[in-house]
Amino acid sequence: MEFIDLKTQLQELRPEVDRAISKVLDHGQFILGPEVQELEKELADFANVPNCITCANGTDALVLALRALGIGRGDAVIVPTFTFAATAESVCNAGATPIFVDVQSDTYNIDPESIETAIETAIQNQLTPRAIISVDLFGLPADYARLSELAKAHNLKLIADAAQSFGAKAYEKPVGSLANVTTTSFFPAKPLGCYGDGGAVFTQDQEVANQIKSLRVHGKGADKYDNISIGYNSRLDTLQAAILLVKLSRLTSEIAKKDVVAKQYSQRLSEKLSEVLTTPNVINSSKSAWAQYTVQCDPKHRQAVTAFLKDKGIPTAIYYPTPLHKSTAYKHYPKAGATLPNADLLAQSVFSLPMHAYLSDENIDLVVSTLEAFDWK
Ligand SMILES: *Cc1c(COP(=O)(O)O)cnc(C)c1O
């Protein structure tokens with residue numbers, strides 16, 4: 001059984017992908033070729049924003065967003081501690097300081113109620129609070145209604161790290177349109193993945209969009225050899241854009257299929273194992289992109305139950321075993337509060353089950369029945 005089945009997906013898309021690649025090989029415009037513009041237009045339409053700027057990966061997308069907003073040395077950026085390292089790494093690489101905050105115990109997303117403490121922490125550390133980076137963990141959009149309110153009230157920019165949630169929705173609005181700036185990743189295993197590295201930034205703000213277009217090509221000005229800022233080499237390859245155009249045409253139907261899988265998992269697991277497993281919280285106003293289907297168990301069972309599943313041929317993964325505020329590179333940065341208890345508990349209790357659009361009913365049965373067969377004493 002595959003954890004995320006990219007092989008079956010490729011089998012279905014192979015003729016179209018082969019044609020798309022051939023076309024690029026024929027025209028030979030490998031950097032910022034016509035497929036890149038075409039993809040940016042389609043992604044912007046999909047996300048219902050005027051601007052999409054693609055780049056080399058999802059980490060660069062965050063760095064470009066921060067730089068375009070003028071965030072750097074002396075600035076603080078509020079970041080959830082329960083996320084992939086890239087969220088905080090981008091802040092440090094932009095020259096700013098991350099302030100770690102806890103996540104909600106039920107959605108696993110940044111806790112809006114800790115924003116004000118984080119602002120105080122930033123000020124105590126002689127830093128200027130400038131932005132919040134929310135992460136839509138495992139595909140579920142964060143609480144954008146509350147976060148936008150708080151960002152406005154405290155004059156902060158809201159950056160959505162949607163590396164795991166492109167294709168998701170909140171309040172009927174697509175991810176990409178919910179924050180000042182949204183970033184995503186096209187790493188192969190993400191909801192919209194290419195066959196290499198890739199990323200993109202979405203924004204309604206024309207000035208930010210212009211900045212990013214310059215920064216991704218070494219800070220170029222109107223003339224390519226008149227550099228107006230110190231930028232990066234961070235472009236999406238034309239080949240990857242061509243592949244993504246094929247993949248994007250299937251994104252909505254794949255998410256719909258994953259939603260059916262998630263409903264089956266959740267219904268069956270909550271029927272039979274509600275005492276020992278917590279299934280993902282589904283917020284009525286949101287539609288997850290189901291980057292992961294993540295459950296929680298008593299920490300004392302996690303090692304044994306994931307080994308038991310592995311033994312029966314069922315792959316699992318643990319995202320994330322260490323919250324960033326406890327990891328070697330990030331533990332010295334400020335955090336909002338003496339401890340971040342929800343993240344600490346989640347790091348010990350979560351594990352993710354196989355989740356993709358091609359998961360058969362038989363495989364769902366096998367996952368559920370194997371979890372039932374485990375000795376939960
Ligand atoms: C994958 C991921 C990133 C980074 O994306 P890359 O394309 O691998 O650089 C950033 N944030 C989160 C939450 C991610 O899951």
# chains A, B, ... in the order shown; residues from 1 in each chain; ligands from 1

$ select_by_dssp --residues "range 100-199 of chain A" --states "alpha helix (DSSP H)" --output "PyMOL selection string"
chain A and resi 115-124+144-153

$ write_last_selection --atoms "C-alpha atoms" --output "mmCIF file, in the first residue's frame"
data_model
loop_
_atom_site.group_PDB
_atom_site.id
_atom_site.type_symbol
_atom_site.label_atom_id
_atom_site.label_comp_id
_atom_site.auth_asym_id
_atom_site.auth_seq_id
_atom_site.Cartn_x
_atom_site.Cartn_y
_atom_site.Cartn_z
ATOM 1 C CA ILE A 115 -1.042 36.154 18.976
ATOM 2 C CA GLU A 116 -1.269 38.911 21.578
ATOM 3 C CA THR A 117 1.180 37.172 23.920
ATOM 4 C CA ALA A 118 3.520 36.729 20.950
ATOM 5 C CA ILE A 119 3.367 40.448 20.203
ATOM 6 C CA GLU A 120 4.320 41.213 23.828
ATOM 7 C CA THR A 121 7.154 38.673 23.607
ATOM 8 C CA ALA A 122 8.473 40.364 20.461
ATOM 9 C CA ILE A 123 8.436 43.784 22.131
ATOM 10 C CA GLN A 124 10.167 42.421 25.253
ATOM 11 C CA TYR A 144 -8.420 33.155 8.753
ATOM 12 C CA ALA A 145 -11.433 35.109 9.987
ATOM 13 C CA ARG A 146 -9.909 35.551 13.441
ATOM 14 C CA LEU A 147 -6.309 35.841 12.203
ATOM 15 C CA SER A 148 -7.196 38.606 9.716
ATOM 16 C CA GLU A 149 -8.972 40.530 12.466
ATOM 17 C CA LEU A 150 -5.957 40.262 14.767
ATOM 18 C CA ALA A 151 -3.503 41.112 11.998
ATOM 19 C CA LYS A 152 -5.480 44.240 11.154
ATOM 20 C CA ALA A 153 -5.859 45.297 14.783
#

$ residues_around --residues "range 335-338 of chain A" --least-positions-apart "2" --cutoff "8 Å" --atoms "only C-alpha atoms" --output "list in words"
Ile99, Phe100, Val101, Asp102, Ser114, Thr117, Ala118, Thr121, His325, Tyr333 and Leu340 of chain A

$ write_last_selection --atoms "all heavy atoms" --output "PDB file, in the first residue's frame"
ATOM      1  N   ILE A  99       8.925  34.134  16.335  1.00  0.00           N
ATOM      2  CA  ILE A  99       8.397  33.995  17.697  1.00  0.00           C
ATOM      3  C   ILE A  99       7.458  32.796  17.630  1.00  0.00           C
ATOM      4  O   ILE A  99       6.453  32.825  16.906  1.00  0.00           O
ATOM      5  CB  ILE A  99       7.566  35.238  18.132  1.00  0.00           C
ATOM      6  CG1 ILE A  99       8.308  36.544  17.882  1.00  0.00           C
ATOM      7  CG2 ILE A  99       7.098  35.090  19.586  1.00  0.00           C
ATOM      8  CD1 ILE A  99       9.343  36.925  18.892  1.00  0.00           C
ATOM      9  N   PHE A 100       7.777  31.764  18.358  1.00  0.00           N
ATOM     10  CA  PHE A 100       6.966  30.548  18.262  1.00  0.00           C
ATOM     11  C   PHE A 100       5.726  30.626  19.139  1.00  0.00           C
ATOM     12  O   PHE A 100       5.782  31.092  20.281  1.00  0.00           O
ATOM     13  CB  PHE A 100       7.796  29.319  18.647  1.00  0.00           C
ATOM     14  CG  PHE A 100       8.841  29.004  17.619  1.00  0.00           C
ATOM     15  CD1 PHE A 100      10.192  29.137  17.910  1.00  0.00           C
ATOM     16  CD2 PHE A 100       8.477  28.592  16.347  1.00  0.00           C
ATOM     17  CE1 PHE A 100      11.159  28.856  16.949  1.00  0.00           C
ATOM     18  CE2 PHE A 100       9.427  28.311  15.376  1.00  0.00           C
ATOM     19  CZ  PHE A 100      10.772  28.439  15.686  1.00  0.00           C
ATOM     20  N   VAL A 101       4.601  30.182  18.577  1.00  0.00           N
ATOM     21  CA  VAL A 101       3.357  30.124  19.346  1.00  0.00           C
ATOM     22  C   VAL A 101       2.757  28.725  19.248  1.00  0.00           C
ATOM     23  O   VAL A 101       3.110  27.935  18.367  1.00  0.00           O
ATOM     24  CB  VAL A 101       2.319  31.177  18.873  1.00  0.00           C
ATOM     25  CG1 VAL A 101       2.871  32.583  19.000  1.00  0.00           C
ATOM     26  CG2 VAL A 101       1.846  30.902  17.459  1.00  0.00           C
ATOM     27  N   ASP A 102       1.848  28.446  20.168  1.00  0.00           N
ATOM     28  CA  ASP A 102       1.228  27.123  20.227  1.00  0.00           C
ATOM     29  C   ASP A 102       0.159  26.974  19.139  1.00  0.00           C
ATOM     30  O   ASP A 102      -0.246  27.959  18.507  1.00  0.00           O
ATOM     31  CB  ASP A 102       0.606  26.897  21.622  1.00  0.00           C
ATOM     32  CG  ASP A 102       0.576  25.420  22.003  1.00  0.00           C
ATOM     33  OD1 ASP A 102       0.934  24.561  21.165  1.00  0.00           O
ATOM     34  OD2 ASP A 102       0.181  25.115  23.155  1.00  0.00           O
ATOM     35  N   SER A 114      -3.074  33.084  20.957  1.00  0.00           N
ATOM     36  CA  SER A 114      -1.708  33.332  21.458  1.00  0.00           C
ATOM     37  C   SER A 114      -1.006  34.473  20.728  1.00  0.00           C
ATOM     38  O   SER A 114       0.141  34.817  21.049  1.00  0.00           O
ATOM     39  CB  SER A 114      -0.849  32.068  21.426  1.00  0.00           C
ATOM     40  OG  SER A 114      -1.262  31.195  20.452  1.00  0.00           O
ATOM     41  N   THR A 117       0.010  37.499  23.085  1.00  0.00           N
ATOM     42  CA  THR A 117       1.180  37.172  23.920  1.00  0.00           C
ATOM     43  C   THR A 117       2.457  37.204  23.071  1.00  0.00           C
ATOM     44  O   THR A 117       3.502  37.663  23.524  1.00  0.00           O
ATOM     45  CB  THR A 117       1.026  35.760  24.545  1.00  0.00           C
ATOM     46  OG1 THR A 117      -0.272  35.668  25.104  1.00  0.00           O
ATOM     47  CG2 THR A 117       2.067  35.489  25.609  1.00  0.00           C
ATOM     48  N   ALA A 118       2.349  36.733  21.836  1.00  0.00           N
ATOM     49  CA  ALA A 118       3.520  36.729  20.950  1.00  0.00           C
ATOM     50  C   ALA A 118       3.982  38.149  20.637  1.00  0.00           C
ATOM     51  O   ALA A 118       5.183  38.421  20.572  1.00  0.00           O
ATOM     52  CB  ALA A 118       3.193  35.982  19.660  1.00  0.00           C
ATOM     53  N   THR A 121       5.843  39.339  23.578  1.00  0.00           N
ATOM     54  CA  THR A 121       7.154  38.673  23.607  1.00  0.00           C
ATOM     55  C   THR A 121       8.118  39.352  22.637  1.00  0.00           C
ATOM     56  O   THR A 121       9.283  39.580  22.964  1.00  0.00           O
ATOM     57  CB  THR A 121       7.001  37.182  23.240  1.00  0.00           C
ATOM     58  OG1 THR A 121       6.014  36.607  24.090  1.00  0.00           O
ATOM     59  CG2 THR A 121       8.310  36.421  23.393  1.00  0.00           C
ATOM     60  N   HIS A 325      10.107  24.722  18.527  1.00  0.00           N
ATOM     61  CA  HIS A 325      10.694  25.415  19.689  1.00  0.00           C
ATOM     62  C   HIS A 325      11.542  24.474  20.537  1.00  0.00           C
ATOM     63  O   HIS A 325      12.215  24.919  21.462  1.00  0.00           O
ATOM     64  CB  HIS A 325       9.606  26.085  20.546  1.00  0.00           C
ATOM     65  CG  HIS A 325       8.781  25.130  21.360  1.00  0.00           C
ATOM     66  ND1 HIS A 325       7.758  24.390  20.822  1.00  0.00           N
ATOM     67  CD2 HIS A 325       8.843  24.789  22.668  1.00  0.00           C
ATOM     68  CE1 HIS A 325       7.215  23.636  21.773  1.00  0.00           C
ATOM     69  NE2 HIS A 325       7.857  23.852  22.903  1.00  0.00           N
ATOM     70  N   TYR A 333      15.139  30.557  20.050  1.00  0.00           N
ATOM     71  CA  TYR A 333      14.292  31.690  19.650  1.00  0.00           C
ATOM     72  C   TYR A 333      13.162  31.892  20.654  1.00  0.00           C
ATOM     73  O   TYR A 333      12.756  30.950  21.347  1.00  0.00           O
ATOM     74  CB  TYR A 333      13.740  31.462  18.241  1.00  0.00           C
ATOM     75  CG  TYR A 333      14.812  31.631  17.184  1.00  0.00           C
ATOM     76  CD1 TYR A 333      15.416  30.521  16.601  1.00  0.00           C
ATOM     77  CD2 TYR A 333      15.231  32.897  16.809  1.00  0.00           C
ATOM     78  CE1 TYR A 333      16.417  30.671  15.650  1.00  0.00           C
ATOM     79  CE2 TYR A 333      16.235  33.063  15.851  1.00  0.00           C
ATOM     80  CZ  TYR A 333      16.822  31.955  15.285  1.00  0.00           C
ATOM     81  OH  TYR A 333      17.804  32.113  14.351  1.00  0.00           O
ATOM     82  N   LEU A 340       4.645  25.418  25.306  1.00  0.00           N
ATOM     83  CA  LEU A 340       3.647  25.376  24.235  1.00  0.00           C
ATOM     84  C   LEU A 340       3.040  23.969  24.287  1.00  0.00           C
ATOM     85  O   LEU A 340       3.405  23.083  23.504  1.00  0.00           O
ATOM     86  CB  LEU A 340       4.308  25.698  22.886  1.00  0.00           C
ATOM     87  CG  LEU A 340       5.100  27.032  22.846  1.00  0.00           C
ATOM     88  CD1 LEU A 340       5.775  27.240  21.486  1.00  0.00           C
ATOM     89  CD2 LEU A 340       4.206  28.237  23.163  1.00  0.00           C
TER      90      LEU A 340
END

$ residues_around --residues "Ser288 in chain A" --least-positions-apart "4" --cutoff "6 Å" --atoms "only C-alpha atoms" --output "ChimeraX atom specification"
/A:139-140,168

$ atom_distance --atom1 "CA of Trp290 in chain A" --atom2 "CA of Ser352 in chain A"
10.9 Å

$ residues_near_ligand --ligand "ligand 1" --cutoff "6 Å" --atoms "only C-alpha atoms and all ligand atoms" --output "ChimeraX atom specification"
/A:57-59,83-84,86-87,135,161,163-164,185-187,197-199

$ write_last_selection --atoms "all heavy atoms" --output "compact mmCIF listing (two decimals), in the first residue's frame"
# COMPACT_ATOMS: atom_id res chain seq x y z
N ASN A 57 10.83 26.85 -5.07
CA ASN A 57 10.31 25.91 -4.07
C ASN A 57 9.47 26.67 -3.04
O ASN A 57 9.45 27.90 -3.05
CB ASN A 57 11.47 25.15 -3.38
CG ASN A 57 12.48 26.09 -2.75
OD1 ASN A 57 12.18 26.80 -1.80
ND2 ASN A 57 13.69 26.14 -3.31
N GLY A 58 8.83 25.92 -2.16
CA GLY A 58 7.93 26.54 -1.19
C GLY A 58 8.65 27.32 -0.10
O GLY A 58 8.07 28.24 0.49
N THR A 59 9.90 26.96 0.17
CA THR A 59 10.68 27.69 1.17
C THR A 59 11.07 29.06 0.61
O THR A 59 10.91 30.09 1.28
CB THR A 59 11.94 26.89 1.54
OG1 THR A 59 11.56 25.56 1.86
CG2 THR A 59 12.65 27.51 2.73
N THR A 83 5.04 22.68 12.90
CA THR A 83 5.07 22.80 11.44
C THR A 83 6.39 22.27 10.92
O THR A 83 7.27 21.90 11.70
CB THR A 83 4.87 24.28 11.00
OG1 THR A 83 4.95 24.37 9.56
CG2 THR A 83 5.95 25.19 11.57
N PHE A 84 6.53 22.26 9.61
CA PHE A 84 7.78 21.89 8.97
C PHE A 84 8.79 23.03 9.17
O PHE A 84 8.40 24.20 9.18
CB PHE A 84 7.53 21.64 7.47
CG PHE A 84 8.74 21.19 6.71
CD1 PHE A 84 9.45 20.06 7.10
CD2 PHE A 84 9.16 21.89 5.60
CE1 PHE A 84 10.57 19.66 6.40
CE2 PHE A 84 10.28 21.48 4.88
CZ PHE A 84 10.99 20.36 5.29
N ALA A 86 10.77 24.62 7.41
CA ALA A 86 10.87 25.69 6.41
C ALA A 86 10.10 26.96 6.81
O ALA A 86 10.51 28.07 6.45
CB ALA A 86 10.36 25.19 5.07
N THR A 87 9.00 26.80 7.56
CA THR A 87 8.21 27.96 7.94
C THR A 87 9.07 28.95 8.74
O THR A 87 9.07 30.15 8.47
CB THR A 87 6.97 27.53 8.77
OG1 THR A 87 6.33 26.44 8.13
CG2 THR A 87 5.99 28.67 8.95
N VAL A 135 0.02 28.43 9.14
CA VAL A 135 0.26 27.23 8.33
C VAL A 135 -1.05 26.45 8.30
O VAL A 135 -1.70 26.28 9.33
CB VAL A 135 1.37 26.37 8.96
CG1 VAL A 135 1.59 25.08 8.17
CG2 VAL A 135 2.68 27.15 9.05
N ASP A 161 1.13 30.14 4.89
CA ASP A 161 1.99 29.07 4.36
C ASP A 161 1.06 27.93 3.98
O ASP A 161 0.67 27.11 4.81
CB ASP A 161 3.02 28.64 5.41
CG ASP A 161 3.90 27.48 4.93
OD1 ASP A 161 3.62 26.92 3.85
OD2 ASP A 161 4.84 27.12 5.66
N ALA A 163 1.63 25.47 1.88
CA ALA A 163 2.37 24.39 1.22
C ALA A 163 1.57 23.09 1.23
O ALA A 163 1.70 22.26 0.33
CB ALA A 163 3.72 24.18 1.91
N GLN A 164 0.73 22.91 2.27
CA GLN A 164 -0.01 21.65 2.39
C GLN A 164 -1.48 21.81 2.00
O GLN A 164 -2.24 20.84 2.09
CB GLN A 164 0.09 21.14 3.83
CG GLN A 164 1.55 20.94 4.25
CD GLN A 164 1.70 20.38 5.65
OE1 GLN A 164 0.73 19.98 6.30
NE2 GLN A 164 2.93 20.35 6.14
N SER A 185 3.89 25.16 -2.08
CA SER A 185 5.00 24.33 -2.53
C SER A 185 4.48 23.29 -3.52
O SER A 185 3.38 22.77 -3.35
CB SER A 185 5.61 23.60 -1.33
OG SER A 185 6.40 22.50 -1.75
N PHE A 186 5.29 23.01 -4.54
CA PHE A 186 4.94 21.94 -5.48
C PHE A 186 5.86 20.74 -5.32
O PHE A 186 6.06 19.97 -6.26
CB PHE A 186 5.00 22.47 -6.93
CG PHE A 186 4.14 23.69 -7.17
CD1 PHE A 186 4.69 24.85 -7.72
CD2 PHE A 186 2.80 23.68 -6.83
CE1 PHE A 186 3.90 25.97 -7.94
CE2 PHE A 186 2.00 24.80 -7.04
CZ PHE A 186 2.55 25.95 -7.59
N PHE A 187 6.43 20.58 -4.13
CA PHE A 187 7.18 19.36 -3.80
C PHE A 187 6.30 18.16 -4.20
O PHE A 187 5.08 18.21 -4.02
CB PHE A 187 7.46 19.37 -2.29
CG PHE A 187 8.26 18.21 -1.78
CD1 PHE A 187 9.64 18.22 -1.84
CD2 PHE A 187 7.62 17.10 -1.24
CE1 PHE A 187 10.38 17.14 -1.37
CE2 PHE A 187 8.35 16.01 -0.76
CZ PHE A 187 9.74 16.04 -0.84
N ASP A 197 11.33 20.25 -7.56
CA ASP A 197 10.97 21.31 -6.63
C ASP A 197 10.23 22.42 -7.36
O ASP A 197 10.50 22.70 -8.54
CB ASP A 197 12.24 21.91 -5.99
CG ASP A 197 12.75 21.07 -4.82
OD1 ASP A 197 11.93 20.74 -3.94
OD2 ASP A 197 13.96 20.75 -4.80
N GLY A 198 9.34 23.08 -6.65
CA GLY A 198 8.64 24.23 -7.20
C GLY A 198 7.85 24.92 -6.12
O GLY A 198 7.59 24.33 -5.05
N GLY A 199 7.49 26.17 -6.36
CA GLY A 199 6.69 26.91 -5.38
C GLY A 199 6.02 28.09 -6.05
O GLY A 199 6.25 28.38 -7.23

$ residues_around --residues "range 12-16 of chain A" --least-positions-apart "3" --cutoff "10 Å" --atoms "only C-alpha atoms" --output "list in words"
Lys7, Thr8, Gln9, Arg19, Ala20, Ile21, Ser22, Ala242, Ile243, Leu245, Val246, Lys247 and Arg250 of chain A

$ write_last_selection --atoms "N, CA and C atoms" --output "mmCIF file, in the first residue's frame"
data_model
loop_
_atom_site.group_PDB
_atom_site.id
_atom_site.type_symbol
_atom_site.label_atom_id
_atom_site.label_comp_id
_atom_site.auth_asym_id
_atom_site.auth_seq_id
_atom_site.Cartn_x
_atom_site.Cartn_y
_atom_site.Cartn_z
ATOM 1 N N LYS A 7 2.570 6.950 -8.144
ATOM 2 C CA LYS A 7 2.792 6.065 -9.300
ATOM 3 C C LYS A 7 1.503 5.866 -10.097
ATOM 4 N N THR A 8 0.411 5.578 -9.408
ATOM 5 C CA THR A 8 -0.864 5.386 -10.102
ATOM 6 C C THR A 8 -1.296 6.677 -10.785
ATOM 7 N N GLN A 9 -1.060 7.789 -10.090
ATOM 8 C CA GLN A 9 -1.413 9.086 -10.677
ATOM 9 C C GLN A 9 -0.647 9.295 -11.983
ATOM 10 N N ARG A 19 3.581 14.426 -23.501
ATOM 11 C CA ARG A 19 3.360 15.441 -24.546
ATOM 12 C C ARG A 19 3.801 16.821 -24.062
ATOM 13 N N ALA A 20 3.472 17.129 -22.792
ATOM 14 C CA ALA A 20 3.816 18.450 -22.242
ATOM 15 C C ALA A 20 5.334 18.626 -22.182
ATOM 16 N N ILE A 21 6.026 17.570 -21.771
ATOM 17 C CA ILE A 21 7.495 17.644 -21.682
ATOM 18 C C ILE A 21 8.100 17.793 -23.081
ATOM 19 N N SER A 22 7.594 17.014 -24.018
ATOM 20 C CA SER A 22 8.114 17.088 -25.394
ATOM 21 C C SER A 22 7.995 18.484 -25.968
ATOM 22 N N ALA A 242 5.051 22.938 -17.102
ATOM 23 C CA ALA A 242 4.291 22.141 -18.076
ATOM 24 C C ALA A 242 3.643 20.936 -17.389
ATOM 25 N N ILE A 243 4.389 20.304 -16.470
ATOM 26 C CA ILE A 243 3.857 19.160 -15.716
ATOM 27 C C ILE A 243 2.725 19.618 -14.796
ATOM 28 N N LEU A 245 0.694 22.092 -15.199
ATOM 29 C CA LEU A 245 -0.539 22.409 -15.938
ATOM 30 C C LEU A 245 -1.388 21.146 -16.088
ATOM 31 N N VAL A 246 -0.736 20.008 -16.313
ATOM 32 C CA VAL A 246 -1.474 18.739 -16.405
ATOM 33 C C VAL A 246 -2.037 18.368 -15.032
ATOM 34 N N LYS A 247 -1.207 18.486 -14.014
ATOM 35 C CA LYS A 247 -1.624 18.084 -12.657
ATOM 36 C C LYS A 247 -2.760 18.969 -12.130
ATOM 37 N N ARG A 250 -6.380 18.110 -12.631
ATOM 38 C CA ARG A 250 -6.958 17.012 -11.835
ATOM 39 C C ARG A 250 -7.100 17.350 -10.350
#

$ atom_distance --atom1 "CA of Ile364 in chain A" --atom2 "CA of Ser253 in chain A"
19.0 Å

$ residues_around --residues "Thr183 in chain A" --least-positions-apart "2" --cutoff "7 Å" --atoms "only C-alpha atoms" --output "VMD selection string"
chain A and resid 58 61 to 62 160 to 163 181 200 to 202

$ write_last_selection --atoms "C-alpha atoms" --output "PDB file, in the first residue's frame"
ATOM      1  CA  GLY A  58       7.930  26.538  -1.190  1.00  0.00           C
ATOM      2  CA  ALA A  61       8.194  31.383  -1.728  1.00  0.00           C
ATOM      3  CA  LEU A  62       8.135  32.286   1.986  1.00  0.00           C
ATOM      4  CA  ALA A 160      -0.438  31.982   4.713  1.00  0.00           C
ATOM      5  CA  ASP A 161       1.990  29.072   4.358  1.00  0.00           C
ATOM      6  CA  ALA A 162      -0.287  26.934   2.196  1.00  0.00           C
ATOM      7  CA  ALA A 163       2.373  24.388   1.223  1.00  0.00           C
ATOM      8  CA  VAL A 181       0.211  36.905   0.808  1.00  0.00           C
ATOM      9  CA  ALA A 200       4.471  29.947  -5.827  1.00  0.00           C
ATOM     10  CA  VAL A 201       3.311  33.143  -4.145  1.00  0.00           C
ATOM     11  CA  PHE A 202      -0.231  34.538  -4.420  1.00  0.00           C
TER      12      PHE A 202
END

$ atom_distance --atom1 "CA of Pro141 in chain A" --atom2 "CA of Lys287 in chain A"
7.8 Å

$ closest_residue --among "A:Val103, A:Ala241, A:Leu137, A:Val24" --to "Thr339 in chain A" --atoms "only C-alpha atoms"
A:Val103

$ closest_residue --among "A:Asp259, A:Glu362, A:Asp111, A:Asp60" --to "Asn93 in chain A" --atoms "only C-alpha atoms"
A:Asp60

$ residues_around --residues "range 189-192 of chain A" --least-positions-apart "6" --cutoff "7 Å" --atoms "only C-alpha atoms" --output "list in words"
Ile4, Gln164, Ser165, Phe166, Lys247, Leu248, Leu251, Ala289 and Ala291 of chain A

$ closest_residue --among "A:Thr238, A:Thr128, A:Asn342, A:Thr107" --to "Leu39 in chain A" --atoms "only C-alpha atoms"
A:Thr238

$ closest_residue --among "A:Ala373, A:Val17, A:Ala142, A:Ala357" --to "Ala256 in chain A" --atoms "only C-alpha atoms"
A:Ala357

$ decode --residues "range 296-311 of chain A" --atoms "N, CA and C atoms" --output "PDB file, in the first residue's frame"
ATOM      1  N   GLN A 296      -4.672  10.949  16.315  1.00  0.00           N
ATOM      2  CA  GLN A 296      -3.946  11.059  17.581  1.00  0.00           C
ATOM      3  C   GLN A 296      -4.255   9.847  18.440  1.00  0.00           C
ATOM      4  N   CYS A 297      -3.237   9.339  19.139  1.00  0.00           N
ATOM      5  CA  CYS A 297      -3.483   8.268  20.099  1.00  0.00           C
ATOM      6  C   CYS A 297      -2.723   8.604  21.385  1.00  0.00           C
ATOM      7  N   ASP A 298      -2.909   7.792  22.399  1.00  0.00           N
ATOM      8  CA  ASP A 298      -2.128   7.957  23.625  1.00  0.00           C
ATOM      9  C   ASP A 298      -0.651   7.766  23.257  1.00  0.00           C
ATOM     10  N   PRO A 299       0.227   8.695  23.686  1.00  0.00           N
ATOM     11  CA  PRO A 299       1.650   8.567  23.330  1.00  0.00           C
ATOM     12  C   PRO A 299       2.234   7.188  23.640  1.00  0.00           C
ATOM     13  N   LYS A 300       1.706   6.521  24.669  1.00  0.00           N
ATOM     14  CA  LYS A 300       2.273   5.212  25.046  1.00  0.00           C
ATOM     15  C   LYS A 300       2.022   4.146  23.967  1.00  0.00           C
ATOM     16  N   HIS A 301       1.028   4.374  23.081  1.00  0.00           N
ATOM     17  CA  HIS A 301       0.715   3.389  22.041  1.00  0.00           C
ATOM     18  C   HIS A 301       1.377   3.664  20.704  1.00  0.00           C
ATOM     19  N   ARG A 302       1.879   4.898  20.478  1.00  0.00           N
ATOM     20  CA  ARG A 302       2.209   5.286  19.111  1.00  0.00           C
ATOM     21  C   ARG A 302       3.269   4.395  18.463  1.00  0.00           C
ATOM     22  N   GLN A 303       4.336   4.151  19.183  1.00  0.00           N
ATOM     23  CA  GLN A 303       5.421   3.347  18.633  1.00  0.00           C
ATOM     24  C   GLN A 303       4.904   1.961  18.219  1.00  0.00           C
ATOM     25  N   ALA A 304       4.140   1.351  19.123  1.00  0.00           N
ATOM     26  CA  ALA A 304       3.674  -0.022  18.883  1.00  0.00           C
ATOM     27  C   ALA A 304       2.642  -0.077  17.761  1.00  0.00           C
ATOM     28  N   VAL A 305       1.721   0.882  17.727  1.00  0.00           N
ATOM     29  CA  VAL A 305       0.654   0.786  16.716  1.00  0.00           C
ATOM     30  C   VAL A 305       1.203   1.066  15.313  1.00  0.00           C
ATOM     31  N   THR A 306       2.166   1.980  15.192  1.00  0.00           N
ATOM     32  CA  THR A 306       2.729   2.238  13.862  1.00  0.00           C
ATOM     33  C   THR A 306       3.590   1.047  13.409  1.00  0.00           C
ATOM     34  N   ALA A 307       4.257   0.381  14.356  1.00  0.00           N
ATOM     35  CA  ALA A 307       5.029  -0.827  14.018  1.00  0.00           C
ATOM     36  C   ALA A 307       4.088  -1.961  13.602  1.00  0.00           C
ATOM     37  N   PHE A 308       2.961  -2.071  14.305  1.00  0.00           N
ATOM     38  CA  PHE A 308       1.955  -3.095  13.994  1.00  0.00           C
ATOM     39  C   PHE A 308       1.400  -2.886  12.580  1.00  0.00           C
ATOM     40  N   LEU A 309       1.105  -1.633  12.231  1.00  0.00           N
ATOM     41  CA  LEU A 309       0.601  -1.315  10.887  1.00  0.00           C
ATOM     42  C   LEU A 309       1.667  -1.629   9.835  1.00  0.00           C
ATOM     43  N   LYS A 310       2.901  -1.250  10.119  1.00  0.00           N
ATOM     44  CA  LYS A 310       3.998  -1.482   9.176  1.00  0.00           C
ATOM     45  C   LYS A 310       4.152  -2.980   8.891  1.00  0.00           C
ATOM     46  N   ASP A 311       4.019  -3.766   9.947  1.00  0.00           N
ATOM     47  CA  ASP A 311       4.126  -5.212   9.857  1.00  0.00           C
ATOM     48  C   ASP A 311       3.065  -5.802   8.924  1.00  0.00           C
TER      49      ASP A 311
END
